[in-house]
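Structure first, commentary second.
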Amino acid sequence: MNLGIKYIYIIDSSISKQQMAKESTKSIGKTLKSAGVEFVRVLWCDNANIIRAKAFHVSTLADHWQTGVGISRAQQAIPVMYDGVAVNAGLGPVGEVWLVPDWETLGFLPFAPTHAQVMGTMMDQGQPWSLCPRHFLQRMVMAADQLGLQIQAAFENEFYLLKTNSGEILPNDRTVFAATAAMNQNYSVIDGIVAALFAQNIQVERYYPESGPGQQEISIRYASALTAADHQIAFREVVRGVAHQQGLVASFLPKIFTDQAGNGCHLHFSLWQDGENITPNPQQQGHLSPIARQFMAGILHHLPALMALTTPSVNSYRRLKAHCWSGAFRCWGYDNREAALRVPSNPQSPSPTHIELKTMDASANPYIALGGVIAAGLDGIRRQLEPGEPVAIDPGNFSDAERQDRGIDYLPDHLGAAIAQFSQNTVLQEAMGAELVQAYLAVRQVEWEAMKDMNLAEEVHLLLERY
Ligand code: GLU
Ligand code: MG
């Protein structure tokens with residue numbers, strides 16, 4: 001297996017992302033050639049969260065390295081079901097934007113060794129396009145910066161490894177949470193995934209088999225917001241690419257089996273100022289700083305609408321159920337796995353170091369989801385919102401009336417409800433801008449109409465390999 005080779009190459013040649021950015025076309029070409037690359041994939045992630053790419057051959061590097069590849073504007077109007085333009089998206093067959101490589105994101109692909117990938121930013125007449133998801137996140141990073149804040153984040157993915165047996169989809173193991181048997185049974189594929197993540201300078205932190213049969217979790221190191229979202233794209237590419245190479249199907253679909261655990265993609269984030277983590281309260285060990293509380297309150301306030309960005313598929317709502325540790329309730333708590341926002345404690349001082357949003361899955365475009373979370377959090381800071389008391393009970397054990405007394409809501413239980421909330425939310429809409437909102441909503445709406453009456457088997461058939 002040649003999986004290790006690219007990893008060794010990258011480490012030995014000590015090419016940091018910053019250095020790469022400074023390289024001229026000549027040295028980028030040299031780097032690509034010596035890595036044996038034939039094609040460079042320029043990636044984008046659309047409003048339906050499909051990862052797509054157009055690749056150019058290295059021999060044409062001089063023509064592409066700065067201007068990138070052209071894509072139709074209508075690409076931002078395509079739903080997950082088929083390649084057709086959603087009505088009312090404000091986009092049609094006329095017009096092109098340019099997907100310009102961000103060379104700092106260059107990554108090599110051990111599962112497709114003659115291909116490399118870079119993330120693209122959509123450019124329109126030399127300016128970032130208002131509908132570009134990556135640019136939306138960049139704008140939110142700048143908005144935070146204007147308040148003197150930097151956001152660090154990591155997406156924590158769960159996914160299923162599956163095998164197909166004469167058309168039937170079967171889990172690759174039949175074990176339970178953290179079972180060492182699963183570590184042995186999936187050893188080769190996990191090893192390949194980890195090598196491929198390191199090959200892209202993504203630092204792996206922890207791995208364990210998750211609760212569902214065939215379900216896995218690999219967590220990676222946090223990074224600044226834009227890099228974290230880029231890593232989420234690279235992570236999904238690696239997991240699916242390596243699994244495919246080894247004859248398996250990997251799927252991040254939020255709910256695959258009715259009676260088994262869903263796939264979360266919890267978003268971990270922290271607030272920083274001048275290189276210092278300001279999430280913990282320096283005066284009160286174990287508690288959040290006032291600004292972190294406000295940021296969290298903003299997310300809780302906007303969460304029903306934000307879910308159109310963080311849990312945006314029809315299938316997402318099959319996962320969001322009581323007692324599934326998936327963040328189905330609008331509340332927060334210290335180490336409470338049923339709360340939408342969990343504040344994990346740890347033995348470090350100061351603690352807590354970060355906050356986790358559980359009401360999120362990998363059917364979400366990571367740029368749009370994280371951009372929306374930042375917009376909601378900044379609104380909480382501007383309005384000095386308070387998140388209320390932490391919840392230290394399982395809200396699913398209480399009646400609606402009892403929950404109401406404690407200020408806990410059940411969050412939207414279907415995509416239609418989240419779309420309706422988002423449609424009325426001026427804070428999130430202003431952050432995204434009218435054109436991105438129009439296209440994004442058109443895609444969500446056509447997906448909702450197409451899938452709202454499907455049963456789980458039909459959803460799985462359609463979506464298993466899309467996410
Ligand atoms: N699988 C759960 C989810 O859907 C999460 C379990 C956990 O806390 O890791 O979010
Ligand atoms: Mg987990």
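Ligands are numbered from 1 in the order shown, residues from 1 within each chain, and chains are lettered A, B, ... in the order they appear in the structure tokens.
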I'd like the contact shell of Cys132 in chain A - 10 Å cut-off, only C-alpha atoms, skipping same-chain residues fewer than 5 positions apart - returned as a PyMOL selection string. chain A and resi 44-47+76+97+99+120-124+137-138+367-368+432+436
Just want the residues within 10 Å of ligand 1, written as a ChimeraX atom specification, counting only C-alpha atoms and all ligand atoms. /A:156-159,177,210-212,215-217,254-255,260-266,316,318-321,323-328,336-338,340,342,357-361
What lies within 7 Å of Val391 in chain A using only C-alpha atoms, ignoring chain neighbours under 4 positions off, as a PyMOL selection string? chain A and resi 331-333
With a distance cut-off of 8 Å and only C-alpha atoms, select the neighbouring residues of Ala308 in chain A, excluding the residue or stretch itself and same-chain residues fewer than 5 positions from it, and output the selection as an NGL selection string. :A and (415 or 418-419 or 422 or 444)
Could you save those same residues with N, CA and C atoms as a CSV table (one decimal), in the first residue's frame?
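Full text of out.csv as output:
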chain,number,residue,atom,x,y,z
A,415,LEU,N,-37.6,20.0,8.7
A,415,LEU,CA,-36.9,21.0,7.9
A,415,LEU,C,-37.8,22.2,7.6
A,418,ALA,N,-37.8,24.8,10.2
A,418,ALA,CA,-36.5,25.5,10.3
A,418,ALA,C,-36.4,26.6,9.2
A,419,ILE,N,-36.9,26.1,8.0
A,419,ILE,CA,-37.0,27.1,6.8
A,419,ILE,C,-37.9,28.3,7.2
A,422,PHE,N,-36.0,30.5,9.5
A,422,PHE,CA,-34.9,31.2,8.8
A,422,PHE,C,-35.5,32.4,7.9
A,444,ARG,N,-33.1,24.9,-0.4
A,444,ARG,CA,-33.7,24.2,0.8
A,444,ARG,C,-35.2,23.9,0.5
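Among the candidates A:Gln284, A:Thr180, A:Ser219, A:Gln150, the residue lying nearest to ligand 2 is A:Ser219 (atoms considered: only C-alpha atoms and all ligand atoms).
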Taking the DSSP assignment computed from this structure's backbone, write out as a PyMOL selection string all residues of range 117-352 of chain A that belong to strand (DSSP E or B). chain A and resi 117-124+127-128+150-165+168-171+204-209+215-220+223-224+249-251+265-273+276-277+280+288+329-334+339-343
Extract the full set of helix (DSSP H, G or I) residues from range 380-433 of chain A according to DSSP on the backbone, and format it as JSON, numbers by chain. {"A": [380, 381, 382, 395, 396, 397, 400, 401, 402, 403, 404, 405, 415, 416, 417, 418, 419, 420, 421, 422, 423, 426, 427, 428, 429, 430, 431, 432]}
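Compared by their closest atoms to ligand 2, and using only C-alpha atoms and all ligand atoms, the residues A:Arg221, A:Arg236, A:His461, A:Arg206 rank with A:Arg206 nearest.
Once Gly126 in chain A and its same-chain neighbours fewer than 5 positions away are set aside, Thr67, Val97, Trp98 and Val100 of chain A remain within 10 Å of it when counting only C-alpha atoms.
Between ligand 2 and the candidates A:Ile202, A:Ala178, A:Val194, A:Leu378, the tightest atom-to-atom separation, counting only C-alpha atoms and all ligand atoms, involves A:Ala178.
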May I ask which of the residues A:Val176, A:Met140, A:Ile278, A:Ile218 is the closest one to ligand 2, counting only C-alpha atoms and all ligand atoms? A:Ile218
Of the candidates A:Leu462, A:Gln75, A:Pro209, A:His354, which one gets nearest to ligand 2 if we count only C-alpha atoms and all ligand atoms? A:Pro209
Contacts of range 226-228 of chain A within 10 Å, only C-alpha atoms, excl. fewer than 6 positions in-chain, as a ChimeraX atom specification: /A:104-105,134-135,137-138,140-141,151-155,202,220,234,267,269,366-367,370-371
Nearest to Gly396 in chain A, restricted to only C-alpha atoms and choosing among A:Arg466, A:Arg330, A:Arg293, A:His64, comes out as A:Arg330
